[in-house]
$ cat work_16.csv   # CSV, C-alpha atoms and all ligand atoms
chain,number,residue,atom,x,y,z
A,30,MET,CA,-64.3,33.8,71.2
A,31,GLU,CA,-62.9,30.5,70.1
A,32,GLN,CA,-61.2,28.0,72.4
A,33,ALA,CA,-58.0,28.4,70.3
A,34,ASP,CA,-57.9,32.1,71.3
A,35,LEU,CA,-56.9,31.1,74.8
A,36,SER,CA,-53.4,30.1,73.8
A,37,ARG,CA,-53.1,33.2,71.8
A,38,TYR,CA,-54.0,35.5,74.7
A,39,TRP,CA,-51.9,33.3,77.0
A,40,LYS,CA,-48.9,34.3,74.9
A,41,SER,CA,-49.8,37.9,74.2
A,42,SER,CA,-51.0,39.0,77.7
A,43,PRO,CA,-48.3,40.2,80.0
A,44,LYS,CA,-50.7,40.2,82.9
A,45,LEU,CA,-52.5,37.1,84.2
A,46,LEU,CA,-55.1,37.3,86.9
A,47,ILE,CA,-56.4,34.1,88.4
A,48,GLY,CA,-59.3,33.5,90.7
A,49,LEU,CA,-59.7,30.2,92.5
A,50,GLY,CA,-63.3,29.6,93.8
A,51,GLU,CA,-65.4,27.0,95.5
A,52,GLU,CA,-64.1,24.1,93.3
A,53,TRP,CA,-60.6,24.6,94.9
A,54,LYS,CA,-61.9,24.2,98.4
A,55,LEU,CA,-61.3,20.9,100.2
A,56,PRO,CA,-64.7,19.4,101.0
A,57,LYS,CA,-65.6,19.6,104.7
A,58,LYS,CA,-64.1,16.8,106.7
A,59,THR,CA,-65.7,13.5,106.0
A,60,GLU,CA,-65.5,10.2,107.8
A,61,ASN,CA,-63.8,8.7,104.8
A,62,HIS,CA,-60.2,9.6,105.4
A,63,GLN,CA,-58.9,7.8,102.3
A,64,GLU,CA,-61.2,9.7,100.1
A,65,GLN,CA,-60.2,13.0,101.7
A,66,ALA,CA,-56.5,12.2,101.3
A,67,ALA,CA,-57.1,11.5,97.7
A,68,GLN,CA,-58.9,14.8,97.2
A,69,LYS,CA,-56.0,16.6,98.9
A,70,ARG,CA,-53.4,14.9,96.7
A,71,GLN,CA,-55.4,15.8,93.6
A,72,LEU,CA,-55.6,19.5,94.7
A,73,CYS,CA,-51.9,19.6,95.5
A,74,ARG,CA,-51.1,18.2,92.1
A,75,ALA,CA,-53.4,20.8,90.5
A,76,TYR,CA,-51.6,23.6,92.3
A,77,GLU,CA,-48.2,22.3,91.2
A,78,ILE,CA,-49.4,22.2,87.6
A,79,LEU,CA,-50.8,25.7,87.9
A,80,TYR,CA,-47.5,26.9,89.1
A,81,GLU,CA,-45.6,25.4,86.1
A,82,LEU,CA,-48.1,27.0,83.8
A,83,ILE,CA,-47.8,30.5,85.2
A,84,LYS,CA,-44.4,30.8,86.7
A,85,ASP,CA,-43.0,33.0,84.0
A,86,LYS,CA,-45.9,35.4,84.0
A,87,ASP,CA,-46.7,38.6,85.9
A,88,TYR,CA,-49.6,37.0,87.7
A,89,PHE,CA,-51.7,37.5,90.8
A,90,ILE,CA,-53.9,34.8,92.4
A,91,ILE,CA,-57.0,35.5,94.5
A,92,THR,CA,-58.3,32.4,96.2
A,93,MET,CA,-61.5,31.7,98.2
A,94,ALA,CA,-60.0,28.6,99.8
A,95,THR,CA,-59.3,29.0,103.5
A,96,ASP,CA,-57.3,25.7,104.0
A,97,GLY,CA,-54.0,27.3,103.4
A,98,MET,CA,-52.9,24.4,101.2
A,99,ILE,CA,-51.8,26.6,98.4
A,100,TYR,CA,-48.9,27.9,100.6
A,101,ASP,CA,-47.6,24.3,100.9
A,102,THR,CA,-47.2,24.0,97.2
A,103,PRO,CA,-44.6,25.6,94.8
A,104,LEU,CA,-47.0,28.6,94.4
A,105,GLY,CA,-46.7,29.6,98.1
A,106,SER,CA,-42.9,29.9,98.6
A,107,ARG,CA,-41.9,32.8,100.9
A,108,GLN,CA,-38.3,32.7,99.7
A,109,GLU,CA,-38.4,32.2,96.0
A,110,THR,CA,-39.5,34.9,93.6
A,111,VAL,CA,-41.4,34.9,90.3
A,112,ILE,CA,-39.7,35.6,87.1
A,113,SER,CA,-42.0,38.4,85.9
A,114,GLU,CA,-41.9,40.2,82.6
A,115,ARG,CA,-42.4,43.4,84.6
A,116,CYS,CA,-39.0,43.0,86.2
A,117,GLN,CA,-37.3,42.0,83.0
A,118,GLU,CA,-38.7,44.9,81.0
A,119,LYS,CA,-37.4,47.6,83.4
A,120,GLY,CA,-34.6,49.6,81.9
A,121,LEU,CA,-34.0,51.0,78.4
A,122,SER,CA,-37.4,50.1,77.0
A,123,SER,CA,-39.0,52.5,79.4
A,124,CYS,CA,-36.8,55.4,78.2
A,125,GLU,CA,-37.9,55.7,74.6
A,126,GLY,CA,-36.6,58.8,72.8
A,127,ILE,CA,-33.6,59.3,75.1
A,128,SER,CA,-30.1,58.6,73.8
A,129,GLU,CA,-28.1,55.8,75.4
A,130,GLU,CA,-25.4,58.3,76.4
A,131,MET,CA,-28.1,60.3,78.3
A,132,ILE,CA,-29.3,57.1,80.0
A,133,LYS,CA,-25.8,56.3,81.1
A,134,ARG,CA,-25.4,59.8,82.5
A,135,MET,CA,-28.7,59.6,84.3
A,136,ASP,CA,-27.8,56.3,85.7
A,137,ARG,CA,-24.7,57.8,87.2
A,138,VAL,CA,-26.6,60.7,88.8
A,139,PHE,CA,-29.6,58.6,89.8
A,140,PRO,CA,-28.4,55.1,90.5
A,141,LYS,CA,-31.1,52.5,89.7
A,142,ARG,CA,-33.1,51.5,92.8
A,143,GLN,CA,-32.8,47.8,93.3
A,144,GLU,CA,-36.4,46.6,93.2
A,145,LYS,CA,-37.0,43.6,95.4
A,146,PRO,CA,-38.9,41.1,93.3
A,147,ASP,CA,-42.1,39.7,94.9
A,148,THR,CA,-41.8,36.3,96.5
A,149,ARG,CA,-44.4,33.8,95.2
A,150,TRP,CA,-46.2,34.1,98.5
A,151,GLU,CA,-46.7,37.8,97.9
A,152,ARG,CA,-48.7,37.0,94.7
A,153,ILE,CA,-51.5,35.3,96.5
A,154,VAL,CA,-54.4,36.9,98.4
A,155,ALA,CA,-56.9,34.8,100.4
A,156,PRO,CA,-59.6,37.3,101.5
A,157,CYS,CA,-61.7,34.6,103.1
A,158,GLY,CA,-58.9,33.9,105.4
A,159,ASN,CA,-56.6,31.0,106.4
A,160,GLU,CA,-57.7,28.5,108.9
A,161,THR,CA,-54.2,27.4,109.8
A,162,TRP,CA,-53.7,31.0,111.2
A,163,ARG,CA,-55.2,31.5,114.7
A,164,GLN,CA,-57.1,34.4,116.1
A,165,CYS,CA,-59.0,35.0,119.4
A,166,GLU,CA,-62.6,33.8,119.2
A,167,ARG,CA,-63.7,37.0,120.9
A,168,ALA,CA,-61.4,39.1,118.7
A,169,CYS,CA,-60.1,40.8,121.9
A,170,THR,CA,-56.9,41.6,120.0
A,171,LYS,CA,-56.1,41.9,116.4
A,172,ASP,CA,-53.1,39.6,116.9
A,173,ILE,CA,-52.9,36.6,114.5
A,174,TRP,CA,-50.7,33.7,115.3
A,175,GLU,CA,-49.0,31.3,113.0
A,176,PRO,CA,-49.6,27.5,113.3
A,177,GLY,CA,-48.0,26.2,116.5
A,178,GLU,CA,-47.1,29.6,117.9
A,179,ILE,CA,-49.7,29.2,120.7
A,180,PRO,CA,-49.5,25.5,121.6
A,181,ASP,CA,-52.6,25.3,123.8
A,182,ASP,CA,-54.7,27.2,121.3
A,183,ILE,CA,-56.0,29.6,124.1
A,184,CYS,CA,-55.9,33.4,123.7
A,185,PRO,CA,-53.0,34.6,125.9
A,186,HIS,CA,-54.9,37.9,126.5
A,187,CYS,CA,-58.5,36.9,127.4
A,188,HIS,CA,-58.2,33.0,127.6
A,189,ALA,CA,-60.9,32.5,125.1
A,190,PRO,CA,-60.3,29.6,122.6
A,191,LEU,CA,-58.5,30.4,119.4
A,192,VAL,CA,-60.2,29.8,116.1
A,193,GLY,CA,-59.1,29.9,112.4
A,194,ASN,CA,-58.6,33.4,111.0
A,195,THR,CA,-61.4,33.0,108.4
A,196,ILE,CA,-64.8,34.5,107.5
A,197,GLU,CA,-66.3,31.7,109.6
A,198,ALA,CA,-64.8,33.1,112.8
A,199,PRO,CA,-67.5,34.8,115.0
A,200,ILE,CA,-65.7,38.1,114.5
A,201,TYR,CA,-63.3,37.9,111.5
A,202,ILE,CA,-60.1,39.8,112.0
A,203,GLU,CA,-59.4,41.0,108.5
A,204,GLU,CA,-56.0,42.3,109.2
A,205,GLY,CA,-54.7,38.8,108.3
A,206,TYR,CA,-55.2,39.4,104.6
A,207,LEU,CA,-55.4,43.1,104.2
A,208,PRO,CA,-51.7,43.7,103.5
A,209,GLN,CA,-51.9,41.2,100.6
A,210,TRP,CA,-55.2,42.8,99.5
A,211,ASN,CA,-53.5,46.1,99.2
A,212,ARG,CA,-50.8,44.5,97.1
A,213,TYR,CA,-53.5,42.9,94.9
A,214,THR,CA,-55.3,46.2,94.3
A,215,ARG,CA,-52.0,47.9,93.4
A,216,TRP,CA,-51.3,45.1,90.9
A,217,LEU,CA,-54.8,45.3,89.5
A,218,ALA,CA,-54.5,49.0,89.0
A,219,GLU,CA,-51.4,48.4,86.8
A,220,THR,CA,-53.4,46.1,84.5
A,221,LEU,CA,-55.7,48.9,83.4
A,222,ASN,CA,-55.5,49.3,79.7
A,223,GLN,CA,-52.9,46.5,79.5
A,224,GLU,CA,-53.5,43.1,77.8
A,225,THR,CA,-54.7,41.0,80.6
A,226,LEU,CA,-55.8,37.4,80.7
A,227,ILE,CA,-58.2,36.5,83.4
A,228,LEU,CA,-58.8,32.9,84.4
A,229,GLU,CA,-61.7,32.5,86.7
A,230,LEU,CA,-61.5,28.9,88.0
A,231,GLY,CA,-64.4,27.3,89.7
A,232,THR,CA,-66.0,30.4,91.2
A,233,GLY,CA,-69.7,30.1,91.9
A,234,PHE,CA,-72.1,32.1,94.0
A,235,ASP,CA,-71.0,31.4,97.6
A,236,ASN,CA,-69.3,34.8,97.9
A,237,PRO,CA,-69.6,36.2,94.4
A,238,GLY,CA,-68.5,39.7,95.6
A,239,VAL,CA,-65.0,38.3,96.2
A,240,ILE,CA,-64.1,37.1,92.7
A,241,ARG,CA,-66.9,36.5,90.3
A,242,PHE,CA,-68.5,40.0,90.2
A,243,PRO,CA,-65.3,42.0,90.5
A,244,PHE,CA,-63.7,39.9,87.6
A,245,GLU,CA,-66.7,40.7,85.4
A,246,LYS,CA,-66.3,44.3,86.2
A,247,ALA,CA,-62.6,44.2,85.4
A,248,VAL,CA,-63.2,42.7,82.0
A,249,PHE,CA,-66.0,45.2,81.4
A,250,PHE,CA,-63.8,48.2,82.1
A,251,ASN,CA,-60.5,47.0,80.7
A,252,GLN,CA,-61.1,46.7,77.0
A,253,LYS,CA,-57.8,44.8,76.6
A,254,ALA,CA,-58.9,42.1,79.1
A,255,HIS,CA,-60.1,38.7,78.1
A,256,MET,CA,-61.6,36.2,80.5
A,257,TRP,CA,-62.1,32.4,80.6
A,258,ARG,CA,-64.6,31.2,83.2
A,259,VAL,CA,-64.1,27.5,83.8
A,260,ASN,CA,-66.9,26.0,86.0
A,261,GLU,CA,-68.7,22.7,86.2
A,262,LYS,CA,-72.1,24.4,87.0
A,263,PHE,CA,-71.9,28.1,86.5
A,264,SER,CA,-69.9,28.8,83.4
A,265,GLN,CA,-72.4,31.3,81.9
A,266,ILE,CA,-71.1,34.7,80.7
A,267,PRO,CA,-73.1,37.9,81.0
A,268,GLN,CA,-74.4,39.3,77.7
A,269,GLU,CA,-72.3,42.5,77.9
A,270,LEU,CA,-69.0,40.6,78.1
A,271,LYS,CA,-69.7,38.5,75.0
A,272,GLY,CA,-66.7,38.5,72.6
A,273,ARG,CA,-64.3,39.1,75.5
A,274,ALA,CA,-65.2,36.3,77.8
A,275,GLU,CA,-65.7,32.6,77.3
A,276,GLY,CA,-67.3,30.0,79.5
A,277,ILE,CA,-66.0,26.4,79.7
A,278,LYS,CA,-68.4,24.0,81.4
A,279,LYS,CA,-65.9,21.8,83.1
A,280,ASN,CA,-64.6,21.3,86.6
A,281,SER,CA,-61.7,23.8,86.8
A,282,VAL,CA,-59.4,21.5,88.9
A,283,SER,CA,-59.6,18.7,86.3
A,284,TRP,CA,-59.3,21.3,83.6
A,285,ILE,CA,-56.0,22.6,85.0
A,286,MET,CA,-54.8,19.0,85.5
A,287,GLY,CA,-55.5,18.4,81.8
A,288,ARG,CA,-53.1,21.1,80.8
A,289,SER,CA,-49.9,19.5,82.2
B,301,ZN,ZN,-58.7,37.0,123.4
$ encode --input "work_16.csv" --output "structure tokens" --more "lines below"
Ligand SMILES: [Zn+2]
Amino acid sequence: MEQADLSRYWKSSPKLLIGLGEEWKLPKKTENHQEQAAQKRQLCRAYEILYELIKDKDYFIITMATDGMIYDTPLGSRQETVISERCQEKGLSSCEGISEEMIKRMDRVFPKRQEKPDTRWERIVAPCGNETWRQCERACTKDIWEPGEIPDDICPHCHAPLVGNTIEAPIYIEEGYLPQWNRYTRWLAETLNQETLILELGTGFDNPGVIRFPFEKAVFFNQKAHMWRVNEKFSQIPQELKGRAEGIKKNSVSWIMGRS
């Protein structure tokens, strides 16, 4: 697969699946605050550019980052929706072979259900959690609190300290991401046998069961899927996906920034 194919598939694929891996995680806190602030700014900018690139697509993002930064960028709005081709295509095109008169009559009898478009926030799933959300360290309750909701950061039920709702919690309360995970699997099921472009950005082997292996499987089983794997260290493509997957040996954050 040639590099030029990417823009072709970008245009022709109605579905776009994006995985954000280790390269999109903010490095652990360092003493050098200036350096960290610069890294944060760079990532923010990369999210903004990514949003501009995908905003008109029917996309879904799965991220391994747990810093919650993506929700503070244009990608994570809880109010605004995504203009998706899926919504625009609803209507006559789905009723091939039926006369217009018949459609009008059917519309009178069965008024079209107003489908609420997804907000941008609803197109992201973070299965490794979100450290800005708080959970009880002992997991005495499945409650999850939003930032600032419990000012003293102490569990109101058992008085244990609260910790971030991520896989690093002693007992990870997965209810935090499961509703979005269900949304994601429903969306993924719709891609079966549809032209789907998969962009796997910076995903290595920290938790390959979250993005890397499932994406390989998705390309393998959907003959109409094509994947680009952008990674500074691990851009290799398994033999059985050759011809439908391409590796780009570059840092994926810089690669996205180069697309603006
Ligand atoms: Zn508790």
$ residues_near_ligand --input "work_16.csv" --ligand "ligand ZN 301 (chain B)" --cutoff "12 Å" --atoms "all atoms listed in the file" --output "JSON, numbers by chain"
{"A": [163, 164, 165, 166, 167, 168, 169, 170, 171, 172, 173, 174, 182, 183, 184, 185, 186, 187, 188, 189, 190, 191, 192, 200, 202]}
$ atom_distance --input "work_16.csv" --atom1 "CA of Ser281 (chain A)" --atom2 "CA of Val259 (chain A)"
5.3 Å
$ atom_distance --input "work_16.csv" --atom1 "CA of Lys271 (chain A)" --atom2 "CA of Asp87 (chain A)"
25.5 Å
$ residues_near_point --input "work_16.csv" --point "(-53.7, 31.5, 108.3)" --cutoff "8 Å" --atoms "all atoms listed in the file" --output "compact mmCIF listing (two decimals) with C-alpha atoms, keeping the file's coordinate frame"
# COMPACT_ATOMS: atom_id res chain seq x y z
CA THR A 95 -59.30 29.00 103.50
CA GLY A 97 -54.00 27.30 103.40
CA GLY A 158 -58.90 33.90 105.40
CA ASN A 159 -56.60 31.00 106.40
CA GLU A 160 -57.70 28.50 108.90
CA THR A 161 -54.20 27.40 109.80
CA TRP A 162 -53.70 31.00 111.20
CA ARG A 163 -55.20 31.50 114.70
CA TRP A 174 -50.70 33.70 115.30
CA GLU A 175 -49.00 31.30 113.00
CA PRO A 176 -49.60 27.50 113.30
CA GLY A 193 -59.10 29.90 112.40
CA ASN A 194 -58.60 33.40 111.00
CA THR A 195 -61.40 33.00 108.40
CA GLY A 205 -54.70 38.80 108.30
$ atom_distance --input "work_16.csv" --atom1 "CA of Ile91 (chain A)" --atom2 "CA of His62 (chain A)"
28.3 Å
$ closest_atom_pairs --input "work_16.csv" --of "region 41-94 of chain A" --to "region 232-249 of chain A" --cutoff "12 Å" --atoms "all atoms listed in the file" --output "Markdown table"
| residue | atom | partner | partner_atom | distance |
| --- | --- | --- | --- | --- |
| A:Leu46 | CA | A:Phe244 | CA | 9.0 |
| A:Ile47 | CA | A:Ile240 | CA | 9.3 |
| A:Gly48 | CA | A:Ile240 | CA | 6.3 |
| A:Leu49 | CA | A:Thr232 | CA | 6.4 |
| A:Gly50 | CA | A:Thr232 | CA | 3.8 |
| A:Glu51 | CA | A:Thr232 | CA | 5.5 |
| A:Glu52 | CA | A:Thr232 | CA | 6.9 |
| A:Trp53 | CA | A:Thr232 | CA | 8.7 |
| A:Lys54 | CA | A:Thr232 | CA | 10.3 |
| A:Ile90 | CA | A:Ile240 | CA | 10.5 |
| A:Ile91 | CA | A:Ile240 | CA | 7.5 |
| A:Thr92 | CA | A:Ile240 | CA | 8.2 |
| A:Met93 | CA | A:Val239 | CA | 7.7 |
| A:Ala94 | CA | A:Thr232 | CA | 10.6 |
$ closest_residue --input "work_16.csv" --among "A:Asp181, A:Asp147, A:Glu77, A:Glu229" --to "Gln209 (chain A)" --atoms "all atoms listed in the file"
A:Asp147
$ closest_residue --input "work_16.csv" --among "A:Ile153, A:Ala254, A:Leu230, A:Ala218" --to "Asn280 (chain A)" --atoms "all atoms listed in the file"
A:Leu230
$ closest_residue --input "work_16.csv" --among "A:Lys278, A:Arg134, A:Arg212, A:Lys86" --to "Lys40 (chain A)" --atoms "all atoms listed in the file"
A:Lys86
$ closest_residue --input "work_16.csv" --among "A:Asn251, A:Ser36, A:Asn222, A:Thr148" --to "Tyr88 (chain A)" --atoms "all atoms listed in the file"
A:Thr148
$ closest_residue --input "work_16.csv" --among "A:Ser106, A:Ile179, A:Glu261, A:Gln268" --to "Ser283 (chain A)" --atoms "all atoms listed in the file"
A:Glu261
$ residues_around --input "work_16.csv" --residues "Arg149 (chain A)" --least-positions-apart "5" --cutoff "8 Å" --atoms "only C-alpha atoms" --output "list of chain:residue names"
A:Leu104, A:Gly105, A:Ser106, A:Arg107, A:Gln108, A:Glu109, A:Thr110, A:Val111
$ write_last_selection --input "work_16.csv" --atoms "C-alpha atoms" --output "compact mmCIF listing (two decimals), in the coordinates of the input"
# COMPACT_ATOMS: atom_id res chain seq x y z
CA LEU A 104 -47.00 28.60 94.40
CA GLY A 105 -46.70 29.60 98.10
CA SER A 106 -42.90 29.90 98.60
CA ARG A 107 -41.90 32.80 100.90
CA GLN A 108 -38.30 32.70 99.70
CA GLU A 109 -38.40 32.20 96.00
CA THR A 110 -39.50 34.90 93.60
CA VAL A 111 -41.40 34.90 90.30
